[in-house]
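One structure is given here, and the rest of the page talks about it.
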Amino acid sequence: MPNAKYLLIGSIEAYSGKSATVLGLSEQLKHTKLDLAYGKPLGNWVNDSEESPIDADVQFVNQILRLPENRLLPSLLTLNETTIQKRLCGEDTTDYQHLAAVQYQHSKGDLVILEGPGNLEEGSLFGLSLLEVAKIVDAKVLLVTRYKSVFLVEALLAAKQRLGDRLIGVLLNDIAPEQMQTVNTEVRAFLEKQGIPVLGTLPKNNLLRSVSVAELVEHLNAEVLCRPDRLDLMVESLAIGAMNVNAALKYFRRRQNMAVVTGGDRVEIQLAALESSTQCLILTGQLPPPPFILAKAEDLEIPILSVDLDTLSTVEIIDRTFGQVRLHEPIKVQCIRELMQKHFDIDRLLSQLELKPAVALP
(Lines give C-alpha, C1' and ligand atoms only; values in the text may rest on other atoms or scores of the structure.)
Protein backbone atom coordinates (compact mmCIF):
# COMPACT_ATOMS: atom_id res chain seq x y z
CA MET A 1 0.00 0.00 0.00
CA PRO A 2 1.48 3.40 -0.95
CA ASN A 3 2.41 5.81 1.83
CA ALA A 4 0.01 8.64 2.69
CA LYS A 5 0.85 12.18 1.64
CA TYR A 6 1.11 14.79 4.41
CA LEU A 7 -0.17 18.37 4.30
CA LEU A 8 0.75 20.64 7.20
CA ILE A 9 -1.44 23.74 7.59
CA GLY A 10 0.71 26.48 9.13
CA SER A 11 0.65 30.22 9.76
CA ILE A 12 3.00 33.07 10.59
CA GLU A 13 0.80 34.37 13.41
CA ALA A 14 -1.85 32.84 15.68
CA TYR A 15 -5.57 32.94 14.83
CA SER A 16 -4.97 33.18 11.10
CA GLY A 17 -7.69 30.71 10.14
CA LYS A 18 -5.99 27.29 10.14
CA SER A 19 -8.97 25.33 11.54
CA ALA A 20 -11.31 27.13 9.14
CA THR A 21 -9.00 26.19 6.27
CA VAL A 22 -8.99 22.55 7.37
CA LEU A 23 -12.80 22.49 7.36
CA GLY A 24 -13.10 24.24 4.01
CA LEU A 25 -10.44 22.04 2.41
CA SER A 26 -11.89 18.84 3.80
CA GLU A 27 -15.33 19.67 2.45
CA GLN A 28 -13.83 20.01 -1.04
CA LEU A 29 -11.65 16.92 -0.62
CA LYS A 30 -14.64 14.82 0.44
CA HIS A 31 -15.90 15.05 -3.15
CA THR A 32 -12.67 13.45 -4.38
CA LYS A 33 -13.28 10.31 -2.27
CA LEU A 34 -9.71 10.53 -1.00
CA ASP A 35 -9.16 8.77 2.34
CA LEU A 36 -8.39 11.58 4.83
CA ALA A 37 -6.82 11.60 8.29
CA TYR A 38 -6.48 14.65 10.55
CA GLY A 39 -4.58 15.71 13.65
CA LYS A 40 -3.06 18.64 15.53
CA PRO A 41 0.33 17.69 17.01
CA LEU A 42 0.53 20.72 19.30
CA GLY A 43 -2.76 21.32 21.10
CA ASN A 44 -3.55 24.64 22.70
CA TRP A 45 -7.04 24.26 24.06
CA VAL A 46 -7.54 21.95 27.03
CA ASN A 47 -10.52 19.61 26.98
CA ASP A 48 -13.08 19.32 29.75
CA SER A 49 -11.75 15.77 30.01
CA GLU A 50 -8.09 15.91 31.00
CA GLU A 51 -7.74 12.27 29.94
CA SER A 52 -8.41 12.92 26.27
CA PRO A 53 -5.31 13.08 24.03
CA ILE A 54 -7.35 14.89 21.36
CA ASP A 55 -7.26 18.70 21.32
CA ALA A 56 -10.76 20.19 21.71
CA ASP A 57 -10.45 22.08 18.41
CA VAL A 58 -9.68 18.75 16.73
CA GLN A 59 -12.74 17.21 18.32
CA PHE A 60 -14.90 20.01 16.93
CA VAL A 61 -13.43 19.67 13.45
CA ASN A 62 -14.07 15.95 13.60
CA GLN A 63 -17.72 16.48 14.57
CA ILE A 64 -18.03 18.21 11.20
CA LEU A 65 -15.82 15.84 9.16
CA ARG A 66 -17.03 12.60 10.84
CA LEU A 67 -13.77 10.75 10.27
CA PRO A 68 -13.38 7.15 11.42
CA GLU A 69 -11.66 6.82 14.81
CA ASN A 70 -8.46 5.49 13.25
CA ARG A 71 -8.24 8.60 11.03
CA LEU A 72 -8.22 11.03 13.95
CA LEU A 73 -4.69 11.47 15.27
CA PRO A 74 -3.86 12.30 18.91
CA SER A 75 -2.25 15.58 19.96
CA LEU A 76 1.21 15.07 21.43
CA LEU A 77 1.16 17.97 23.87
CA THR A 78 -1.04 20.83 25.06
CA LEU A 79 0.98 24.03 24.91
CA ASN A 80 0.36 26.18 27.98
CA GLU A 81 2.23 27.81 30.84
CA THR A 82 2.30 24.60 32.88
CA THR A 83 3.79 22.41 30.13
CA ILE A 84 6.36 25.08 29.26
CA GLN A 85 7.36 25.42 32.93
CA LYS A 86 7.82 21.64 33.23
CA ARG A 87 10.05 21.65 30.17
CA LEU A 88 12.13 24.57 31.44
CA CYS A 89 12.82 23.03 34.84
CA GLY A 90 13.63 19.59 33.42
CA GLU A 91 10.51 17.76 34.64
CA ASP A 92 9.50 16.98 31.05
CA THR A 93 12.31 15.29 29.11
CA THR A 94 10.10 13.59 26.50
CA ASP A 95 11.58 13.23 23.02
CA TYR A 96 8.59 14.67 21.18
CA GLN A 97 10.19 14.29 17.77
CA HIS A 98 10.46 10.53 18.33
CA LEU A 99 6.88 10.51 19.66
CA ALA A 100 5.69 12.38 16.56
CA ALA A 101 7.45 9.88 14.32
CA VAL A 102 5.82 6.95 16.13
CA GLN A 103 2.34 8.49 16.15
CA TYR A 104 2.23 10.05 12.69
CA GLN A 105 4.78 8.59 10.26
CA HIS A 106 2.77 5.53 9.27
CA SER A 107 -0.72 7.00 9.31
CA LYS A 108 -3.27 5.31 7.11
CA GLY A 109 -5.15 6.99 4.29
CA ASP A 110 -4.36 8.93 1.13
CA LEU A 111 -3.85 12.33 2.73
CA VAL A 112 -3.02 13.26 6.32
CA ILE A 113 -3.88 16.87 7.17
CA LEU A 114 -2.00 18.18 10.20
CA GLU A 115 -2.80 21.54 11.77
CA GLY A 116 0.43 23.29 12.71
CA PRO A 117 1.33 25.61 15.60
CA GLY A 118 0.36 29.30 15.84
CA ASN A 119 3.48 30.63 14.09
CA LEU A 120 6.84 29.47 12.74
CA GLU A 121 8.52 29.47 16.17
CA GLU A 122 5.84 28.01 18.44
CA GLY A 123 6.67 24.49 19.63
CA SER A 124 10.46 24.93 19.23
CA LEU A 125 11.01 24.21 22.93
CA PHE A 126 9.62 20.71 22.36
CA GLY A 127 11.09 20.08 18.90
CA LEU A 128 7.65 20.57 17.37
CA SER A 129 7.94 23.82 15.41
CA LEU A 130 6.26 23.92 11.99
CA LEU A 131 9.44 23.07 10.08
CA GLU A 132 10.46 20.35 12.56
CA VAL A 133 7.08 18.60 12.26
CA ALA A 134 7.22 18.96 8.46
CA LYS A 135 10.61 17.22 8.39
CA ILE A 136 9.49 14.40 10.71
CA VAL A 137 6.59 13.34 8.49
CA ASP A 138 7.96 14.71 5.19
CA ALA A 139 5.01 17.10 4.84
CA LYS A 140 4.28 19.84 2.36
CA VAL A 141 3.22 23.13 3.98
CA LEU A 142 0.27 25.38 3.17
CA LEU A 143 0.56 28.74 4.98
CA VAL A 144 -2.63 30.52 5.97
CA THR A 145 -2.40 34.22 6.78
CA ARG A 146 -4.65 37.21 7.28
CA TYR A 147 -3.97 39.96 4.78
CA LYS A 148 -3.56 43.33 6.52
CA SER A 149 -1.31 45.21 4.10
CA VAL A 150 1.43 44.76 1.50
CA PHE A 151 3.94 44.46 4.37
CA LEU A 152 2.77 40.84 4.60
CA VAL A 153 4.89 40.07 1.51
CA GLU A 154 8.11 40.40 3.53
CA ALA A 155 6.89 37.95 6.16
CA LEU A 156 5.98 35.43 3.44
CA LEU A 157 9.40 35.81 1.77
CA ALA A 158 11.05 35.12 5.14
CA ALA A 159 8.81 32.07 5.62
CA LYS A 160 9.78 30.80 2.16
CA GLN A 161 13.48 31.10 3.07
CA ARG A 162 12.89 28.96 6.17
CA LEU A 163 10.55 26.38 4.67
CA GLY A 164 12.15 26.07 1.24
CA ASP A 165 10.53 23.62 -1.18
CA ARG A 166 8.22 22.32 1.53
CA LEU A 167 6.11 25.45 1.09
CA ILE A 168 3.66 24.56 -1.68
CA GLY A 169 1.40 27.57 -1.38
CA VAL A 170 -0.28 30.27 0.65
CA LEU A 171 -3.89 31.13 1.38
CA LEU A 172 -4.46 34.85 1.94
CA ASN A 173 -7.66 35.52 3.85
CA ASP A 174 -9.60 38.32 5.54
CA ILE A 175 -8.88 40.64 2.59
CA ALA A 176 -10.73 43.97 2.72
CA PRO A 177 -12.80 44.77 -0.42
CA GLU A 178 -10.66 47.80 -1.26
CA GLN A 179 -7.50 45.66 -1.15
CA MET A 180 -8.74 42.72 -3.22
CA GLN A 181 -7.67 44.09 -6.61
CA THR A 182 -4.12 44.81 -5.40
CA VAL A 183 -3.88 41.32 -3.88
CA ASN A 184 -5.18 39.54 -6.97
CA THR A 185 -2.87 41.42 -9.33
CA GLU A 186 0.34 42.87 -7.87
CA VAL A 187 0.72 40.77 -4.69
CA ARG A 188 -0.23 37.47 -6.34
CA ALA A 189 2.02 38.09 -9.37
CA PHE A 190 5.00 39.00 -7.18
CA LEU A 191 4.63 36.00 -4.85
CA GLU A 192 4.25 33.59 -7.78
CA LYS A 193 7.50 34.93 -9.30
CA GLN A 194 9.22 34.23 -5.97
CA GLY A 195 8.10 30.59 -6.08
CA ILE A 196 5.23 31.08 -3.60
CA PRO A 197 2.00 29.82 -5.22
CA VAL A 198 -1.11 31.74 -4.15
CA LEU A 199 -3.76 29.02 -3.89
CA GLY A 200 -6.55 31.18 -2.54
CA THR A 201 -7.60 34.76 -1.76
CA LEU A 202 -10.56 34.96 0.61
CA PRO A 203 -12.47 38.22 1.11
CA LYS A 204 -13.07 39.66 4.57
CA ASN A 205 -16.21 38.24 6.13
CA ASN A 206 -17.67 39.81 9.25
CA LEU A 207 -19.47 36.63 10.25
CA LEU A 208 -16.22 34.66 10.49
CA ARG A 209 -14.72 37.33 12.76
CA SER A 210 -17.84 37.47 14.93
CA VAL A 211 -18.22 36.11 18.46
CA SER A 212 -21.30 34.66 20.10
CA VAL A 213 -22.91 36.39 23.07
CA ALA A 214 -22.17 33.20 25.00
CA GLU A 215 -18.43 33.70 24.39
CA LEU A 216 -18.68 37.27 25.67
CA VAL A 217 -20.48 36.05 28.81
CA GLU A 218 -17.66 33.57 29.42
CA HIS A 219 -14.78 35.99 28.81
CA LEU A 220 -16.36 38.84 30.81
CA ASN A 221 -17.63 36.57 33.61
CA ALA A 222 -20.90 38.42 33.07
CA GLU A 223 -24.28 37.99 34.72
CA VAL A 224 -27.09 37.47 32.18
CA LEU A 225 -30.01 39.72 33.20
CA CYS A 226 -32.41 38.67 30.46
CA ARG A 227 -32.84 36.36 27.44
CA PRO A 228 -30.35 33.62 28.41
CA ASP A 229 -31.97 31.65 25.57
CA ARG A 230 -30.46 34.01 22.96
CA LEU A 231 -26.77 33.68 23.79
CA ASP A 232 -26.28 32.11 20.36
CA LEU A 233 -26.63 35.55 18.71
CA MET A 234 -23.49 36.57 16.80
CA VAL A 235 -21.76 39.90 17.49
CA GLU A 236 -19.84 41.43 14.56
CA SER A 237 -18.83 44.79 16.04
CA LEU A 238 -18.42 46.68 19.30
CA ALA A 239 -19.89 50.08 20.14
CA ILE A 240 -19.24 52.15 23.25
CA GLY A 241 -22.13 54.27 24.50
CA ALA A 242 -20.25 57.11 26.12
CA MET A 243 -21.60 60.07 24.10
CA ASN A 244 -24.85 62.05 24.21
CA VAL A 245 -27.98 60.28 23.00
CA ASN A 246 -28.26 62.10 19.62
CA ALA A 247 -24.66 61.26 18.72
CA ALA A 248 -25.21 57.70 19.94
CA LEU A 249 -28.24 57.20 17.69
CA LYS A 250 -26.31 58.31 14.59
CA TYR A 251 -23.33 56.14 15.60
CA PHE A 252 -25.45 53.05 16.31
CA ARG A 253 -27.40 53.33 13.04
CA ARG A 254 -24.19 52.99 11.04
CA ARG A 255 -23.32 49.65 12.63
CA GLN A 256 -24.64 46.12 12.32
CA ASN A 257 -25.01 43.25 14.82
CA MET A 258 -23.16 45.05 17.59
CA ALA A 259 -22.53 44.65 21.28
CA VAL A 260 -23.05 47.98 23.06
CA VAL A 261 -21.04 48.68 26.21
CA THR A 262 -22.42 51.46 28.41
CA GLY A 263 -22.90 52.37 32.06
CA GLY A 264 -25.77 50.87 33.98
CA ASP A 265 -26.98 54.42 34.68
CA ARG A 266 -27.06 55.51 30.98
CA VAL A 267 -30.72 54.63 30.42
CA GLU A 268 -31.12 56.86 27.34
CA ILE A 269 -28.13 55.15 25.66
CA GLN A 270 -29.52 51.71 26.56
CA LEU A 271 -32.81 52.64 24.90
CA ALA A 272 -31.04 53.95 21.79
CA ALA A 273 -29.06 50.69 21.57
CA LEU A 274 -32.21 48.56 21.82
CA GLU A 275 -33.68 50.49 18.90
CA SER A 276 -30.63 49.74 16.72
CA SER A 277 -28.97 46.59 15.30
CA THR A 278 -27.86 45.37 18.73
CA GLN A 279 -27.17 41.73 19.59
CA CYS A 280 -26.46 42.35 23.27
CA LEU A 281 -26.24 45.19 25.76
CA ILE A 282 -23.35 45.09 28.25
CA LEU A 283 -23.79 47.24 31.35
CA THR A 284 -20.78 48.23 33.45
CA GLY A 285 -20.62 49.30 37.08
CA GLN A 286 -23.08 46.64 38.33
CA LEU A 287 -26.00 49.06 38.21
CA PRO A 288 -29.25 47.29 37.26
CA PRO A 289 -31.28 48.72 34.36
CA PRO A 290 -34.82 49.97 35.06
CA PRO A 291 -37.67 47.45 34.59
CA PHE A 292 -38.89 49.03 31.33
CA ILE A 293 -35.44 48.47 29.71
CA LEU A 294 -35.48 44.82 30.78
CA ALA A 295 -39.03 44.44 29.47
CA LYS A 296 -38.12 46.00 26.10
CA ALA A 297 -35.03 43.78 25.79
CA GLU A 298 -37.17 40.72 26.60
CA ASP A 299 -39.62 41.64 23.82
CA LEU A 300 -36.82 42.30 21.30
CA GLU A 301 -34.94 39.11 22.32
CA ILE A 302 -31.76 41.05 23.12
CA PRO A 303 -29.68 39.70 26.04
CA ILE A 304 -28.53 42.21 28.65
CA LEU A 305 -25.28 41.41 30.46
CA SER A 306 -24.00 42.97 33.67
CA VAL A 307 -20.25 43.08 34.40
CA ASP A 308 -18.28 43.98 37.51
CA LEU A 309 -15.76 45.95 35.41
CA ASP A 310 -15.19 49.48 34.20
CA THR A 311 -15.85 50.34 30.55
CA LEU A 312 -12.17 50.35 29.50
CA SER A 313 -11.46 46.90 30.97
CA THR A 314 -14.65 45.54 29.40
CA VAL A 315 -13.72 46.86 25.96
CA GLU A 316 -10.17 45.45 26.23
CA ILE A 317 -11.49 41.97 27.03
CA ILE A 318 -14.01 42.09 24.15
CA ASP A 319 -11.29 43.25 21.74
CA ARG A 320 -9.13 40.27 22.77
CA THR A 321 -12.11 37.94 22.29
CA PHE A 322 -12.58 39.21 18.71
CA GLY A 323 -8.86 38.63 18.12
CA GLN A 324 -9.10 35.00 19.29
CA VAL A 325 -12.34 34.03 17.66
CA ARG A 326 -12.96 30.31 17.13
CA LEU A 327 -15.04 28.54 14.55
CA HIS A 328 -17.38 26.65 16.85
CA GLU A 329 -20.72 27.72 15.35
CA PRO A 330 -22.44 25.86 12.48
CA ILE A 331 -23.22 29.11 10.63
CA LYS A 332 -19.47 29.87 10.45
CA VAL A 333 -18.70 26.38 9.18
CA GLN A 334 -21.16 26.83 6.31
CA CYS A 335 -19.68 30.26 5.57
CA ILE A 336 -16.06 29.01 5.31
CA ARG A 337 -17.15 26.12 3.11
CA GLU A 338 -18.75 28.52 0.65
CA LEU A 339 -15.77 30.89 0.69
CA MET A 340 -13.25 28.09 0.08
CA GLN A 341 -15.40 26.60 -2.69
CA LYS A 342 -15.42 29.93 -4.48
CA HIS A 343 -11.95 31.29 -3.81
CA PHE A 344 -9.54 28.34 -3.29
CA ASP A 345 -7.87 26.34 -6.08
CA ILE A 346 -8.26 22.75 -4.86
CA ASP A 347 -7.11 21.28 -8.19
CA ARG A 348 -3.79 23.12 -7.95
CA LEU A 349 -3.30 21.94 -4.36
CA LEU A 350 -3.84 18.31 -5.36
CA SER A 351 -1.41 18.75 -8.22
CA GLN A 352 1.22 20.21 -5.86
CA LEU A 353 0.72 17.21 -3.56
CA GLU A 354 0.95 14.82 -6.54
CA LEU A 355 -2.43 13.39 -5.59
CA LYS A 356 -5.10 12.25 -8.00
CA PRO A 357 -8.72 12.29 -6.83
CA ALA A 358 -10.45 8.93 -6.72
CA VAL A 359 -13.32 10.61 -8.58
CA ALA A 360 -13.33 13.74 -10.71
CA LEU A 361 -14.08 16.99 -8.93
CA PRO A 362 -17.44 18.59 -9.81
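Letters A, B, ... mark the chains of the C-alpha coordinates in the order given; residue numbers begin at 1 per chain; ligand numbers begin at 1, in order shown.
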What's the 10 Å shell around Ala4 (chain A), counting only C-alpha atoms, without same-chain residues fewer than 2 positions away, as a list in words?
Met1, Pro2, Tyr6, Leu7, Asp35, Leu36, Ala37, Gln105, His106, Ser107, Lys108, Gly109, Asp110, Leu111, Val112, Val137 and Leu355 of chain A
DSSP-assigned helix (DSSP H, G or I) members of region 87-309 of chain A, reported as a PyMOL selection string:
chain A and resi 87-88+96-104+124-126+130-137+152-166+177-193+213-220+228-230+245-253+267-274+291-300
Would you compute the distance between CA of Gly24 (chain A) and CA of Met340 (chain A)? Give it in Å to one decimal.
5.5 Å
Residue among A:Cys335, A:Thr78, A:Asp265, A:Pro290 lying closest to Gly43 (chain A), counting only C-alpha atoms
A:Thr78
Can you list, as a list in words, all residues belonging to region 12-136 of chain A that DSSP tags as strand (DSSP E)?
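Filtering region 12-136 of chain A down to strand (DSSP E) leaves Leu36, Ala37, Tyr38, Gly39, Leu42, Gly43, Leu72, Leu73, Leu77, Thr78, Leu111, Val112, Ile113, Leu114 and Glu115 of chain A.
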Which residue, A:Val211, A:Ile175, A:Leu125, A:Ala295, has the smallest gap to Leu79 (chain A) when you use only C-alpha atoms?
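Looking only at the distances to Leu79 (chain A), the closest residue turns out to be A:Leu125.
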